[in-house]
Structures are given as C-alpha cells and as structure tokens.
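Chemist: Input: one structure, supplied below.
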Amino acid sequence: MARVTNPSPTAAPEGPALKRALTTPLLYFFILGDVLGAGVYVLVGQVAADAGGAVWAPLAVALLLALLTAASYAELATKYPRAGGASHYATRAFGPFAGFVAGFCMLAAGIVSVAALARGFGGDYLSAFVTLPVGLVAVVFLALLALVNARGVKESTRANVVATVIEVGGLLVIVALGAWLLLRGDGDVGRLGSLGTPEKGAAAALLSGSVLAYYSFVGFETSVNVAEETRDPRRSYPRALFGALATAGAVYVLVGIAASAAVPTDRLVESSGPLLEVVKEAGGVPVKLFSAIALVAVANGALLTGIMSSRLAYGMARDGLLPAPLARVLPGRRTPWVAIAVTSVLAMLLALTGDVATLASTLVLLLLVVFFMVNIAVLVLRRDTGESDHFRAPTVLPVLGAASCVALATQIEAEVWLRGLLVLATGMVLATFATLRRRRAAA
C-alpha cells in the first residue's frame, strides 16, 4: 500500500552538505548536454527504420511524452531538493523497498550507459584518428572522467558547457547542410510526409518510432541528483529543465527534417552514422571534423551520466539503502568520492567484458519503470505539503505521464522484457535484504 514515509532514523548520517555551486545557466547546460548526448548521432537511422521518412514525427511525439514525466520530476525536485532522485522520492512515497528498486534501476541503467559510451568512445569515431585497443581506451577514458567528477560539480558542469556548445554546433551544421541541399535542389521534401513502413501502418510506425525517439530525450532525469548542489532550486530547476527539453526537442526535430529530406530513407537506415551521410551528401565539411564532434558528444554524455550515477549512489547511501561509506564526501571538494570510485570501477568492468550490448537494450524499459514510479509518487506525496513555494504540476500531467510509460512499455520486444525482468528481480532481492537490514538496525 502506498504510504508517505519520513527519512529513516537508521539512514546514514547526513555528514557534510554538498556545495551549492550550480546557477540556472549551468543547470540548463547540464540538462541540455545530457539530453543531447551521443544517441542522436546514431538514432536517426533507427527511427527511420521503424517510422519511415517522417523521422521528425516520432521525435516530436517523444518530446511531448518526455515533458509529461519531466513535470513530475520538476515538482519532486523542487519539493525535495536533495541527491537521490527517483530513489528518494519512491522511498518517501512507498517505503524503502520501492526506493531501493527505483534506485537500483537507475544505477543499473546509468552504469551500463557509461560503460557503453566508454566503448563507443574507443570505437569507429576514434579510429578516424588513431587505432587503439577499445578496452584500454575505455579504462583510461573512465579514469579521467572520474577525476573530473571528483574535482567538483562546478568544474564538471563548466566543461559540460563547452562540450554542449560543440554538440549543438554539430547538430546545427547538419540542419544547415540539409537546408543547403534543399536550396540547391538535391533534397526531397516529399519524404517528410512518408510515415509508415511495409510492415507497419502510419499509427503503429509512429508509436514504434516514438519508443526509440524517447530514448533520445532520456537524460533529463539525471539532473534531479544535482538539485542539492543548485542555488535556489525551486526557481532554477523548472526553468532549466523545461528550457533544456524545449531546446533539445527543437534541435532534434530540425535534425530529423534535415536528415530525412537530404538523404534517402534506405541510406539512413543502413548507415551506422546517419548524420555522416548528410555531411557526405552535402560536402564541404570534413568527415574527421564531424567525427571529432561525435567524440565530444560521447565524452560529455558519459561525464554527465557518471555524475548522475555517483550522486544517486551517494543519496541512496545517505537514505540507508546502500552501504554508508558511499555517502562519504571528499574534504575540501565536497564531492562523493567513494560513490564516484565505485560506480567508475563497475563501469570499467562492464566495458572490459564487452557484454554491455546485452544490457543496453534494457535501458529504456528500466527507465520506464522508474518514470512510472515517479509519476505515481507525485500523486501520493501530495499529502505531504512540503515547502509552500515548490513547483506544482497540474494533476493531469503525472496521470498522463504514468499512462505514457505503460503505452511505451507495450511496444518493447519480449526478449528485452526478459532481460529487464531479470534486472528487476535482482533489484528486488537486494531490496529485500536492505529492508530487513534496516529493520534489524531499528529494532
């Protein structure tokens, strides 16, 4: 039964508070950089395979669905501005068992995502410049990211501002090249209205494509884990969150239009670097330059996801859901150094095993489970008034957000469900042990 709970008296000690260093612009770029990650550089072709030439349509639908859940995050992050995110919200609404499951899903998704990005960094884009063992590159890459993360969230997010400008610049180059192709008469605007494939009608193709496109907006949820490090989060967070999502959505739709109009749909589907096809079709931009931009996108996505994972582990430890040492803060820098070290080592192990692909396809499913819990938690926690000036989403938005999670989950393949359920089962077993341990400590 849903219930509102207070933080447990057995939770880890509060210890030193995290430093409030993030302004609204820094938080905006943090969210924008996390959403505009490496996925968009390979996603367009996959969306085209499911939806047809009208790539922009699933991207627009996915933006609207993401905004529903974002509204729930905005309410909870301004109501409870502390690290832990979905885990903390689920703990307050449903108790520590649900909090552990939510946190475990986020941790699993985050660590696997960082490992996958690390391997991606050492793959084809890097080979445009130098050929090195992927495993070695991944380990060195993750070690460097951990050092940046441990140095401080302010330094990390300032590096993110530069990287985000480069990422957005690369995508705007694609938009400009697509427009240039159309102006010189080489594109085909007719493809923009081609929704559907030989196997799927327009409606089924739109929904199926929206599942893949939804992944391109994943990342906004990581920002709640730095709400505690944000100055005046009740004002800054909603502005940064909705502003970043609106910016990302506009860029994605324009990229979808440019790619679809510039390049035949079959070529987009077959290419592992669909945006490079636009570069090749238009000419004038060196392929190596675009590969460098893609490397920046991969590195930036990994850095921000690493920040999320470490802050989530820190928050769960402080709530008594993970071992207390994970809540230790580095003196002076006031960053969660143990959580950073542990999550980075786990990502290294996954990157070295090469088994990341078997878990990567479960990321969307795991996050849909978390998003469903967050949307329901908003409604449950309405009984806890909290601070009077926090952001409050209209009730219909979390209801629609929860429904959208269910609708998208029905479009995920059975084999992905199987892997996802195995991860969920593992989380539930660990949650049972964590709950029993807390009860024994409280007795």
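Every chain in the structure tokens takes a letter, A first, then B, and so on in the order presented; its residues are numbered from 1, and the ligands are numbered from 1 following the presented order.
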So that I can check the surroundings of segment 243-253 of chain A, please list as a list of chain:residue names every protein, DNA and RNA residue that reaches within 6 Å of it, counting only C-alpha atoms and ignoring chain neighbours fewer than 3 positions away.
Modeler: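 Residues near the query, excluding close chain neighbours: A:Tyr28, A:Leu32, A:Trp56, A:Leu63, A:Arg239, A:Ala240, A:Gly256.
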Chemist: Mind dumping the selected residues with C-alpha atoms as a short mmCIF file (atom, residue, chain, number, x, y, z; two decimals), in the first residue's frame?
Modeler:
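The new file selection-v9.cif reads:
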data_model
loop_
_atom_site.label_atom_id
_atom_site.label_comp_id
_atom_site.auth_asym_id
_atom_site.auth_seq_id
_atom_site.Cartn_x
_atom_site.Cartn_y
_atom_site.Cartn_z
CA TYR A 28 20.37 24.38 -18.13
CA LEU A 32 20.81 20.06 -22.35
CA TRP A 56 10.64 14.29 -37.26
CA LEU A 63 9.27 15.27 -26.71
CA ARG A 239 13.30 26.91 -15.77
CA ALA A 240 16.42 24.93 -16.63
CA GLY A 256 15.18 14.82 -38.33
#
Chemist: Considering only C-alpha atoms, return as a ChimeraX atom specification whatever protein or nucleic-acid residues lie within 7 Å of segment 106-119 of chain A, sequence-local ones (same chain, fewer than 2 positions apart) excluded.
Modeler: /A:102-104,121-123,134,138,141-142,298,302,305-306,309,343,347-348,350-351,356,360,363,366-367
Chemist: Which value, in Å to one decimal, gives the distance between atom CA of Ser72 of chain A and atom CA of Ala434 of chain A?
Modeler: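 Atom CA of Ala434 of chain A lies 26.9 Å from atom CA of Ser72 of chain A.
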Chemist: Rank A:Ser404, A:Arg334, A:Val329, A:Arg191 by their smallest atom-to-atom distance to Ala317 of chain A, using only C-alpha atoms, and report the top residue only.
Modeler: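 Of the candidates, the smallest distance to Ala317 of chain A is held by A:Val329.
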Chemist: Near segment 312-314 of chain A, within 6 Å and counting only C-alpha atoms, which residues show up once chain neighbours fewer than 4 positions away are dropped, as an MDAnalysis selection string?
Modeler: chainID A and resid 84 308 326:327 339
Chemist: Write the selection just made, keeping C-alpha atoms, as a CSV table (one decimal), in the first residue's frame?
Modeler:
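selection_14.csv, written as the output of this step:
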chain,number,residue,atom,x,y,z
A,84,GLY,CA,19.0,10.5,-4.6
A,308,MET,CA,24.2,11.1,-12.0
A,326,LEU,CA,29.2,5.5,-0.3
A,327,ALA,CA,27.9,8.7,1.4
A,339,ALA,CA,30.5,6.7,-4.8
Chemist: Counting only C-alpha atoms, which of A:Thr432, A:Thr91, A:Ser194, A:Thr265 gets nearest to Leu381 of chain A?
Modeler: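 Of all the options, A:Thr91 lies closest to Leu381 of chain A.
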Chemist: Taking the DSSP secondary structure from the backbone, can you list the residues of segment 25-69 of chain A that are alpha helix (DSSP H), as a ChimeraX atom specification?
Modeler: /A:25-35,40-51,56-69
Chemist: Would you please work out which residue, of A:Gly52, A:Gly193, A:Pro336, A:Gly301, is nearest to Gly219 of chain A when using only C-alpha atoms?
Modeler: A:Gly301
Chemist: Quick one: contact table of segment 165-240 of chain A to segment 257-264 of chain A, 7 Å max, nearest atom pair and distance in Å to one decimal per residue, counting only C-alpha atoms, chain and number order, as a tab-separated table?
Modeler:
residue	atom	partner	partner_atom	distance
A:Ile174	CA	A:Ala258	CA	6.9
A:Val175	CA	A:Ala258	CA	5.4
A:Gly178	CA	A:Ala258	CA	4.4
A:Ala179	CA	A:Ala258	CA	6.6
A:Leu181	CA	A:Ala262	CA	6.3
A:Gly187	CA	A:Ala262	CA	4.6
A:Asp188	CA	A:Ala261	CA	5.0
A:Val189	CA	A:Ala261	CA	5.1
A:Arg191	CA	A:Ala261	CA	6.1
A:Leu192	CA	A:Ser260	CA	6.4
Chemist: So which one's closest to Phe94 of chain A, A:Asp186, A:Ser271, A:Leu379, A:Phe217? Using only C-alpha atoms, please.
Modeler: A:Leu379
Chemist: Point out the residue among A:Tyr214, A:Phe97, A:Tyr41, A:Tyr73 with the least atom-to-atom distance to Phe242 of chain A, counting only C-alpha atoms.
Modeler: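 Once distances to Phe242 of chain A are computed over only C-alpha atoms, the minimum belongs to A:Tyr73.
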Chemist: Would you kindly return, as a list in words, each protein, DNA or RNA residue with an atom no farther than 9 Å from any atom of Gly427 of chain A, considering only C-alpha atoms and excluding same-chain residues fewer than 2 positions away?
Modeler: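 Returned residues: Phe100, Val101, Ala102, Gly103, Phe104, Cys105, Leu422, Val423, Leu424, Ala425, Val429, Leu430, Ala431 and Thr432 of chain A.
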Chemist: Closest to Val61 of chain A among A:Val211, A:Glu221, A:Ala128, A:Ala150, using only C-alpha atoms?
Modeler: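 Selected residue with least distance to Val61 of chain A: A:Val211.
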